[in-house]
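So this block is data18.txt, compact mmCIF, C-alpha atoms:
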```
# COMPACT_ATOMS: atom_id res chain seq x y z
CA MET A 1 -15.06 28.63 1.46
CA GLU A 2 -12.39 29.30 4.09
CA HIS A 3 -9.44 26.87 3.88
CA PHE A 4 -10.54 25.53 0.47
CA ASP A 5 -6.86 25.51 -0.59
CA TYR A 6 -6.06 22.87 2.06
CA LEU A 7 -8.98 20.71 0.94
CA PHE A 8 -7.97 21.09 -2.72
CA ALA A 9 -4.33 20.27 -1.95
CA ALA A 10 -5.28 17.14 0.04
CA TYR A 11 -7.47 15.66 -2.71
CA THR A 12 -5.03 16.63 -5.48
CA ILE A 13 -2.14 14.96 -3.67
CA ILE A 14 -4.18 11.77 -3.09
CA PHE A 15 -5.05 11.43 -6.78
CA VAL A 16 -1.61 12.42 -8.06
CA VAL A 17 0.15 9.92 -5.77
CA ILE A 18 -2.24 7.07 -6.65
CA PHE A 19 -1.99 7.85 -10.37
CA ALA A 20 1.82 8.01 -10.19
CA TYR A 21 1.90 4.66 -8.38
CA VAL A 22 -0.32 2.99 -11.01
CA VAL A 23 1.87 4.38 -13.84
CA PHE A 24 4.95 3.14 -11.97
CA ILE A 25 3.43 -0.37 -11.70
CA TRP A 26 2.40 -0.45 -15.39
CA ARG A 27 5.80 0.70 -16.64
CA ARG A 28 7.62 -1.80 -14.48
CA GLN A 29 5.26 -4.56 -15.68
CA ALA A 30 5.96 -3.69 -19.33
CA ARG A 31 9.72 -3.82 -18.68
CA LEU A 32 9.39 -7.15 -16.87
CA GLU A 33 7.37 -8.71 -19.69
CA THR A 34 9.99 -7.63 -22.25
CA GLU A 35 12.71 -9.14 -20.07
CA ILE A 36 10.77 -12.40 -19.58
CA ARG A 37 10.22 -12.75 -23.35
CA ALA A 38 13.93 -12.17 -24.02
CA MET A 39 14.97 -14.71 -21.38
CA GLU A 40 12.48 -17.29 -22.66
CA GLU A 41 13.89 -16.87 -26.15
CA ARG A 42 17.40 -17.31 -24.79
CA LEU A 43 16.38 -20.42 -22.86
CA LYS A 44 14.68 -21.89 -25.93
CA SER A 45 17.73 -21.25 -28.10
CA LEU A 46 20.03 -22.84 -25.50
CA LYS A 47 17.82 -25.93 -25.27
CA THR A 48 17.74 -26.39 -29.03
CA ALA A 49 21.44 -25.66 -29.49
CA PRO A 50 23.90 -28.35 -30.83
CA PRO A 51 25.64 -31.28 -28.95
CA SER A 52 27.23 -29.91 -25.81
CA ALA A 53 24.09 -27.94 -25.05
CA GLY A 54 22.11 -31.19 -25.06
CA ARG A 55 24.13 -32.44 -22.13
CA ALA A 56 23.90 -29.02 -20.58
CA LYS A 57 20.12 -29.22 -20.82
CA SER A 58 20.07 -32.43 -18.84
CA ALA A 59 22.41 -30.87 -16.30
CA ALA A 60 19.98 -28.03 -15.81
CA GLU A 61 17.07 -30.43 -15.45
CA ASN A 62 18.96 -32.25 -12.73
CA MET B 1 -14.17 0.11 -13.64
CA THR B 2 -16.15 -0.53 -10.43
CA THR B 3 -13.40 1.26 -8.50
CA LEU B 4 -13.61 4.26 -10.83
CA ILE B 5 -17.41 4.49 -10.51
CA LEU B 6 -17.20 4.22 -6.72
CA MET B 7 -14.53 6.95 -6.65
CA VAL B 8 -16.71 9.29 -8.74
CA VAL B 9 -19.73 8.60 -6.48
CA SER B 10 -17.68 9.23 -3.35
CA LEU B 11 -16.28 12.48 -4.81
CA TYR B 12 -19.84 13.60 -5.58
CA GLY B 13 -20.77 12.76 -1.99
CA VAL B 14 -17.80 14.66 -0.55
CA PHE B 15 -18.08 17.83 -2.65
CA GLU B 16 -21.81 18.08 -3.39
CA TRP B 17 -23.99 16.00 -1.12
CA VAL B 18 -22.56 15.91 2.38
CA PRO B 19 -23.33 18.89 4.68
CA THR B 20 -20.47 21.08 5.88
CA GLU B 21 -19.38 20.36 9.43
CA GLU B 22 -20.31 23.25 11.74
CA ASP B 23 -17.10 23.69 13.77
CA GLN B 24 -14.36 23.03 11.22
CA GLY B 25 -16.05 24.14 8.01
CA ILE B 26 -15.17 22.90 4.53
CA VAL B 27 -11.71 21.57 5.45
CA GLN B 28 -13.36 18.77 7.48
CA ARG B 29 -14.16 17.13 4.13
CA ILE B 30 -10.55 15.88 4.05
CA PHE B 31 -11.85 13.35 6.59
CA TYR B 32 -13.78 11.38 3.90
CA PHE B 33 -10.56 10.38 2.13
CA HIS B 34 -8.17 10.60 5.11
CA VAL B 35 -9.95 7.81 7.03
CA PRO B 36 -10.20 5.43 4.01
CA CYS B 37 -6.46 5.97 3.35
CA ALA B 38 -5.78 4.93 6.97
CA TRP B 39 -8.12 1.92 6.59
CA VAL B 40 -6.28 0.74 3.45
CA ALA B 41 -2.88 1.20 5.13
CA PHE B 42 -3.98 -0.82 8.17
CA ALA B 43 -5.56 -3.56 6.03
CA ALA B 44 -2.42 -3.75 3.89
CA PHE B 45 -0.14 -4.03 6.93
CA GLY B 46 -2.45 -6.68 8.36
CA ILE B 47 -2.03 -8.66 5.12
CA VAL B 48 1.77 -8.24 5.38
CA ALA B 49 1.67 -9.81 8.86
CA ILE B 50 -0.62 -12.69 7.81
CA ALA B 51 1.42 -13.36 4.64
CA GLY B 52 4.60 -13.23 6.74
CA MET B 53 3.24 -15.87 9.13
CA PHE B 54 2.27 -18.12 6.21
CA TYR B 55 5.68 -17.61 4.61
CA LEU B 56 7.51 -18.60 7.81
CA TRP B 57 5.25 -21.63 8.11
CA LEU B 58 5.03 -22.89 4.49
CA LYS B 59 8.21 -21.30 2.96
CA ASP B 60 6.27 -20.70 -0.22
CA GLN B 61 7.43 -17.72 -2.34
CA ILE B 62 3.82 -16.78 -3.13
CA TRP B 63 3.31 -15.56 0.48
CA ASP B 64 6.46 -13.48 0.36
CA ASP B 65 5.28 -11.86 -2.90
CA LEU B 66 1.87 -11.12 -1.36
CA GLY B 67 3.44 -9.58 1.76
CA TYR B 68 5.84 -7.45 -0.28
CA ALA B 69 3.03 -6.19 -2.54
CA ALA B 70 0.80 -5.34 0.44
CA ALA B 71 3.64 -3.56 2.28
CA GLU B 72 4.35 -1.31 -0.68
CA ILE B 73 0.69 -0.34 -1.09
CA GLY B 74 0.33 0.13 2.67
CA MET B 75 3.30 2.48 2.59
CA VAL B 76 1.75 4.57 -0.22
CA PHE B 77 -1.49 4.97 1.74
CA CYS B 78 0.25 5.52 5.09
CA THR B 79 2.18 8.36 3.43
CA LEU B 80 -1.13 9.80 2.18
CA VAL B 81 -2.58 9.57 5.72
CA LEU B 82 0.34 11.61 7.09
CA ILE B 83 0.16 14.20 4.28
CA THR B 84 -3.64 14.67 4.36
CA GLY B 85 -3.59 14.69 8.17
CA SER B 86 -0.99 17.43 8.09
CA LEU B 87 -3.05 19.46 5.59
CA TRP B 88 -6.07 19.09 7.87
CA ALA B 89 -4.10 19.92 11.03
CA LYS B 90 -2.69 23.22 9.78
CA PRO B 91 -5.98 25.18 9.57
CA ILE B 92 -7.58 23.42 12.58
CA TRP B 93 -4.71 23.06 15.07
CA GLY B 94 -2.57 25.84 13.65
CA THR B 95 0.40 23.54 13.02
CA TRP B 96 1.48 21.10 10.32
CA TRP B 97 2.66 18.55 12.86
CA THR B 98 2.57 17.86 16.59
CA TRP B 99 4.00 14.92 18.54
CA ASP B 100 0.53 13.75 19.52
CA SER B 101 0.11 10.03 20.33
CA ARG B 102 -1.95 9.22 17.19
CA LEU B 103 0.40 11.11 14.90
CA THR B 104 3.54 9.74 16.53
CA THR B 105 2.42 6.09 16.46
CA THR B 106 1.38 6.49 12.80
CA PHE B 107 4.78 7.99 11.99
CA ILE B 108 6.47 5.04 13.76
CA LEU B 109 4.35 2.67 11.63
CA TRP B 110 5.51 4.53 8.50
CA LEU B 111 9.16 4.26 9.61
CA LEU B 112 8.85 0.53 10.38
CA TYR B 113 7.45 -0.34 6.95
CA GLY B 114 9.90 2.10 5.36
CA GLY B 115 12.62 -0.07 6.91
CA TYR B 116 10.92 -3.21 5.59
CA LEU B 117 10.81 -1.81 2.04
CA MET B 118 14.42 -0.59 2.24
CA LEU B 119 15.51 -4.08 3.24
CA ARG B 120 13.59 -5.58 0.31
CA ALA B 121 14.92 -3.02 -2.17
CA MET B 122 18.56 -3.17 -1.13
CA ALA B 123 19.06 -6.88 -0.44
CA ASP B 124 19.00 -9.73 -2.95
CA ASP B 125 15.89 -11.90 -3.28
CA THR B 126 17.06 -14.76 -1.12
CA PRO B 127 14.99 -16.93 1.26
CA GLN B 128 16.95 -15.42 4.16
CA VAL B 129 15.92 -11.86 3.20
CA ALA B 130 12.32 -13.05 2.75
CA ARG B 131 12.45 -14.54 6.27
CA PHE B 132 13.82 -11.30 7.74
CA GLY B 133 11.13 -9.41 5.83
CA ALA B 134 8.40 -11.67 7.20
CA VAL B 135 9.60 -11.15 10.78
CA ILE B 136 9.84 -7.35 10.37
CA GLY B 137 6.40 -7.30 8.69
CA ILE B 138 4.81 -9.19 11.58
CA PHE B 139 6.58 -7.12 14.23
CA ALA B 140 5.70 -3.80 12.55
CA ALA B 141 2.00 -4.74 12.27
CA LEU B 142 1.84 -4.83 16.07
CA ASP B 143 1.87 -1.02 15.87
CA VAL B 144 -1.48 -0.98 14.00
CA PRO B 145 -3.67 -1.68 17.08
CA VAL B 146 -1.53 0.81 19.03
CA VAL B 147 -2.33 3.49 16.42
CA VAL B 148 -6.06 2.64 16.52
CA LEU B 149 -6.24 2.63 20.33
CA SER B 150 -3.87 5.59 20.86
CA VAL B 151 -6.76 8.08 21.10
CA ARG B 152 -8.14 6.09 24.03
CA LEU B 153 -4.89 5.05 25.71
CA TRP B 154 -3.29 8.50 25.92
CA ARG B 155 -4.34 12.14 26.11
CA THR B 156 -4.50 13.41 22.55
CA ILE B 157 -5.80 16.29 20.50
CA HIS B 158 -6.63 13.97 17.59
CA PRO B 159 -10.42 13.52 17.40
CA ALA B 160 -11.98 10.10 17.98
CA VAL B 161 -14.64 10.50 15.32
CA LEU B 162 -15.91 7.05 14.35
CA ILE B 163 -16.52 6.07 17.97
CA THR B 164 -16.04 8.96 20.40
CA ARG B 165 -14.42 8.64 23.79
CA THR B 166 -17.91 8.44 25.30
CA GLY B 167 -18.81 5.53 23.02
CA GLU B 168 -21.10 7.30 20.52
CA HIS B 169 -20.33 7.87 16.85
CA GLY B 170 -19.14 11.38 16.21
CA LEU B 171 -20.73 12.06 12.81
CA GLN B 172 -23.61 14.51 13.19
CA ASP B 173 -25.55 13.71 10.02
CA MET B 174 -26.57 10.45 8.33
CA ARG B 175 -25.22 11.79 5.00
CA MET B 176 -21.77 12.00 6.60
CA VAL B 177 -21.96 8.32 7.56
CA VAL B 178 -23.13 7.30 4.07
CA THR B 179 -20.41 9.37 2.35
CA LEU B 180 -17.75 7.83 4.59
CA LEU B 181 -19.06 4.31 3.87
CA VAL B 182 -19.03 4.94 0.10
CA SER B 183 -15.46 6.28 0.32
CA LEU B 184 -14.39 3.29 2.40
CA THR B 185 -15.90 0.94 -0.20
CA ALA B 186 -14.21 2.83 -3.07
CA PHE B 187 -10.82 2.71 -1.35
CA THR B 188 -11.22 -0.97 -0.50
CA ALA B 189 -11.93 -1.71 -4.18
CA LEU B 190 -8.93 0.42 -5.19
CA PHE B 191 -6.75 -1.46 -2.71
CA GLY B 192 -7.91 -4.82 -4.09
CA TRP B 193 -7.09 -3.73 -7.64
CA LEU B 194 -3.66 -2.32 -6.75
CA LEU B 195 -2.80 -5.40 -4.70
CA MET B 196 -3.73 -7.67 -7.61
CA LEU B 197 -1.60 -5.62 -10.06
CA ARG B 198 1.46 -5.50 -7.81
CA PHE B 199 1.13 -9.12 -6.70
CA GLN B 200 0.93 -10.36 -10.32
CA GLN B 201 3.99 -8.27 -11.09
CA LEU B 202 5.96 -9.84 -8.26
CA ARG B 203 4.88 -13.28 -9.49
CA SER B 204 6.26 -12.34 -12.93
CA ARG B 205 9.50 -11.26 -11.27
CA SER B 206 9.75 -14.62 -9.50
CA ARG B 207 9.17 -16.34 -12.86
CA LEU B 208 11.92 -14.25 -14.43
CA SER B 209 14.31 -15.28 -11.63
CA THR B 210 13.53 -18.96 -12.30
CA ILE B 211 14.14 -18.57 -16.06
CA ARG B 212 17.38 -16.65 -15.37
CA ARG B 213 18.57 -19.42 -13.06
CA ASP B 214 17.81 -22.07 -15.72
CA VAL B 215 19.67 -20.07 -18.37
CA ALA B 216 22.65 -19.61 -16.05
CA LEU B 217 22.70 -23.35 -15.25
CA ILE B 218 22.61 -24.35 -18.91
CA GLU B 219 25.31 -21.81 -19.80
CA ALA B 220 27.50 -22.96 -16.92
CA ALA B 221 27.02 -26.63 -17.82
CA ALA B 222 27.74 -25.88 -21.49
CA GLY B 223 30.94 -24.16 -20.39
CA ASP B 224 32.00 -27.23 -18.38
CA TYR B 225 31.60 -29.61 -21.30
```

Kindly present the structure from the file in structure tokens form.
Amino acid sequence: MEHFDYLFAAYTIIFVVIFAYVVFIWRRQARLETEIRAMEERLKSLKTAPPSAGRAKSAAEN
Amino acid sequence: MTTLILMVVSLYGVFEWVPTEEDQGIVQRIFYFHVPCAWVAFAAFGIVAIAGMFYLWLKDQIWDDLGYAAAEIGMVFCTLVLITGSLWAKPIWGTWWTWDSRLTTTFILWLLYGGYLMLRAMADDTPQVARFGAVIGIFAALDVPVVVLSVRLWRTIHPAVLITRTGEHGLQDMRMVVTLLVSLTAFTALFGWLLMLRFQQLRSRSRLSTIRRDVALIEAAAGDY
């Protein structure tokens, strides 16, 4: 079992790095979804807002 | 789930089933994950180049998102290739690193895509940055065949295992070939899954940018009236 420590280190690093990358992607995705929901709400409220916003809506569509 | 099962099978192959290589001993088993990491990195960088070409041609954001996602994953696996290679080199060559042609060209590849990712991280998401990114991605991928052929083009201490310099395959036992193939399949599945996750995330980011732009337009127009 000579050099088992190198083998163990190599496989540990591979799995730790991949796991960390997946966690990083998931966390970023969760943050993005929260942000998208908030922005969609904001957009909806702007589109349904009173008079001046009505003209603003058409400006945005143009 | 398929990826997980394949990973477990390949780990069983590496630690239980495959025979120990005679010259290098147990540390040679790093090979069964080191080579698939390199394969995923090369495939990812190939996708960056193809996506870059399509982006320059069609100017569609979807290709830029695909290239960016693939570059990031390629970078993760290229880093793993360098780390696992170093851990393998120390007991076999007696050094963590040497400026051998295979190692040096791989390090250059890592630096090139590091530059690509730095550009993407530091600059705004504009079509001009996406164009620069596409060009860098295509240019950097030219190093992939150089890395693959480096063991044949120059004198090197890095082994040419899959196909030796005399043209034969260097794996002594059929179980070694099977274990490597299972690991390659597992890593390919893992790559596909990671690419899908990251690509979908970048699509969400593009969607968020569109919504933000709409909100800003409405707010600006409302301010004008």

Find the residues around stretch 2-4 of chain A up to 9 Å (all atoms listed in the file counted), leave out those fewer than 5 positions away in its own chain, and share them as a list in words.
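Result of the neighbour search: Ala9 of chain A; Gly25, Ile26, Val27 and Pro91 of chain B.
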
Pull C-alpha atoms from the residues just selected and write them as a compact mmCIF listing (two decimals), in the frame of the given file.
```txt
# COMPACT_ATOMS: atom_id res chain seq x y z
CA ALA A 9 -4.33 20.27 -1.95
CA GLY B 25 -16.05 24.14 8.01
CA ILE B 26 -15.17 22.90 4.53
CA VAL B 27 -11.71 21.57 5.45
CA PRO B 91 -5.98 25.18 9.57
```

Checklist entry - Quick one: residues within 10 Å of stretch 13-30 of chain A, all atoms listed in the file counted, chain neighbours fewer than 6 positions away excluded, as a count of residues only? => result 21

Of B:Val18, B:Val35, B:Leu117, B:Val151, the one nearest to B:Met174 when counting only C-alpha atoms is B:Val18

Open item on the list: Using Å and a single decimal, report how far atom CA of B:Met75 sits from atom CA of A:Ala10.
Closed with: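 These atoms are spaced 17.2 Å apart.
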
(Q) Can you work out which residues from chain B touch chain A at a cut-off of 6 Å (counting only C-alpha atoms) and hand them back as a ChimeraX atom specification? (A) /B:27,30,84,87,208,215,217-218,221-222

Pull C-alpha atoms from the residues just selected and write them as a short mmCIF file (atom, residue, chain, number, x, y, z; two decimals), in the frame of the given file.
```
data_model
loop_
_atom_site.label_atom_id
_atom_site.label_comp_id
_atom_site.auth_asym_id
_atom_site.auth_seq_id
_atom_site.Cartn_x
_atom_site.Cartn_y
_atom_site.Cartn_z
CA VAL B 27 -11.71 21.57 5.45
CA ILE B 30 -10.55 15.88 4.05
CA THR B 84 -3.64 14.67 4.36
CA LEU B 87 -3.05 19.46 5.59
CA LEU B 208 11.92 -14.25 -14.43
CA VAL B 215 19.67 -20.07 -18.37
CA LEU B 217 22.70 -23.35 -15.25
CA ILE B 218 22.61 -24.35 -18.91
CA ALA B 221 27.02 -26.63 -17.82
CA ALA B 222 27.74 -25.88 -21.49
#
```

Please put the answer as JSON: centre and edge lengths, in Å with one decimal, of a box along x, y and z that encloses all listed atoms of stretch 210-222 of chain B plus 8 Å on each side.
```
{"center_x": 20.6, "center_y": -21.6, "center_z": -16.9, "size_x": 30.2, "size_y": 26.0, "size_z": 25.2}
```

So the first atom is atom CA of B:Tyr32 and the second is atom CA of B:Ala51; what is the distance between them in Å, to one decimal place?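 Distance reported for this atom pair: 29.0 Å.
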
Query raised in the report: Excluding same-chain residues fewer than 6 positions from B:Ile157, what lies within 10 Å of it counting only C-alpha atoms, as an MDAnalysis selection string?
Result: chainID B and resid 93 98 100:103 151

A straight line from atom CA of B:Thr3 to atom CA of B:Phe54 spans 28.9 Å

Show me, as a PDB file with C-alpha atoms, in the coordinates of the input, the residues that have an atom within 12 Å of B:Met53 when counting all atoms listed in the file, minus same-chain residues fewer than 2 positions from it.
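Output below, filename result.pdb:
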```pdb
ATOM      1  CA  GLY B  46      -2.450  -6.680   8.360  1.00  0.00           C
ATOM      2  CA  ILE B  47      -2.030  -8.660   5.120  1.00  0.00           C
ATOM      3  CA  VAL B  48       1.770  -8.240   5.380  1.00  0.00           C
ATOM      4  CA  ALA B  49       1.670  -9.810   8.860  1.00  0.00           C
ATOM      5  CA  ILE B  50      -0.620 -12.690   7.810  1.00  0.00           C
ATOM      6  CA  ALA B  51       1.420 -13.360   4.640  1.00  0.00           C
ATOM      7  CA  TYR B  55       5.680 -17.610   4.610  1.00  0.00           C
ATOM      8  CA  LEU B  56       7.510 -18.600   7.810  1.00  0.00           C
ATOM      9  CA  TRP B  57       5.250 -21.630   8.110  1.00  0.00           C
ATOM     10  CA  LEU B  58       5.030 -22.890   4.490  1.00  0.00           C
ATOM     11  CA  LYS B  59       8.210 -21.300   2.960  1.00  0.00           C
ATOM     12  CA  ASP B  60       6.270 -20.700  -0.220  1.00  0.00           C
ATOM     13  CA  TRP B  63       3.310 -15.560   0.480  1.00  0.00           C
ATOM     14  CA  ASP B  64       6.460 -13.480   0.360  1.00  0.00           C
ATOM     15  CA  LEU B  66       1.870 -11.120  -1.360  1.00  0.00           C
ATOM     16  CA  GLY B  67       3.440  -9.580   1.760  1.00  0.00           C
ATOM     17  CA  ALA B 130      12.320 -13.050   2.750  1.00  0.00           C
ATOM     18  CA  ARG B 131      12.450 -14.540   6.270  1.00  0.00           C
ATOM     19  CA  PHE B 132      13.820 -11.300   7.740  1.00  0.00           C
ATOM     20  CA  GLY B 133      11.130  -9.410   5.830  1.00  0.00           C
ATOM     21  CA  ALA B 134       8.400 -11.670   7.200  1.00  0.00           C
ATOM     22  CA  VAL B 135       9.600 -11.150  10.780  1.00  0.00           C
ATOM     23  CA  ILE B 136       9.840  -7.350  10.370  1.00  0.00           C
ATOM     24  CA  GLY B 137       6.400  -7.300   8.690  1.00  0.00           C
ATOM     25  CA  ILE B 138       4.810  -9.190  11.580  1.00  0.00           C
ATOM     26  CA  PHE B 139       6.580  -7.120  14.230  1.00  0.00           C
ATOM     27  CA  ALA B 141       2.000  -4.740  12.270  1.00  0.00           C
TER      28      ALA B 141
END
```

Discussion item. Every residue with an atom at most 10 Å from (-5.7, -0.7, 8.2) (file coordinates; only C-alpha atoms) is what I'm after, so could you write them as a list in words?
Written reply: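 The residues near that point, listed by chain and number, are Val35, Pro36, Cys37, Ala38, Trp39, Val40, Ala41, Phe42, Ala43, Ala44, Phe45, Gly46, Ile47, Gly74, Phe77, Cys78, Ala141, Val144, Pro145, Val147 and Val148 of chain B.
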
Limited to C-alpha atoms, could you put the picked residues into a file as a compact mmCIF listing (two decimals), in the frame of the given file?
```txt
# COMPACT_ATOMS: atom_id res chain seq x y z
CA VAL B 35 -9.95 7.81 7.03
CA PRO B 36 -10.20 5.43 4.01
CA CYS B 37 -6.46 5.97 3.35
CA ALA B 38 -5.78 4.93 6.97
CA TRP B 39 -8.12 1.92 6.59
CA VAL B 40 -6.28 0.74 3.45
CA ALA B 41 -2.88 1.20 5.13
CA PHE B 42 -3.98 -0.82 8.17
CA ALA B 43 -5.56 -3.56 6.03
CA ALA B 44 -2.42 -3.75 3.89
CA PHE B 45 -0.14 -4.03 6.93
CA GLY B 46 -2.45 -6.68 8.36
CA ILE B 47 -2.03 -8.66 5.12
CA GLY B 74 0.33 0.13 2.67
CA PHE B 77 -1.49 4.97 1.74
CA CYS B 78 0.25 5.52 5.09
CA ALA B 141 2.00 -4.74 12.27
CA VAL B 144 -1.48 -0.98 14.00
CA PRO B 145 -3.67 -1.68 17.08
CA VAL B 147 -2.33 3.49 16.42
CA VAL B 148 -6.06 2.64 16.52
```

- Item | All residues 9 Å or closer to B:Arg120, all atoms listed in the file, same chain fewer than 4 positions away omitted, as a ChimeraX atom specification | /B:68,115-116,124-125,129-130,133
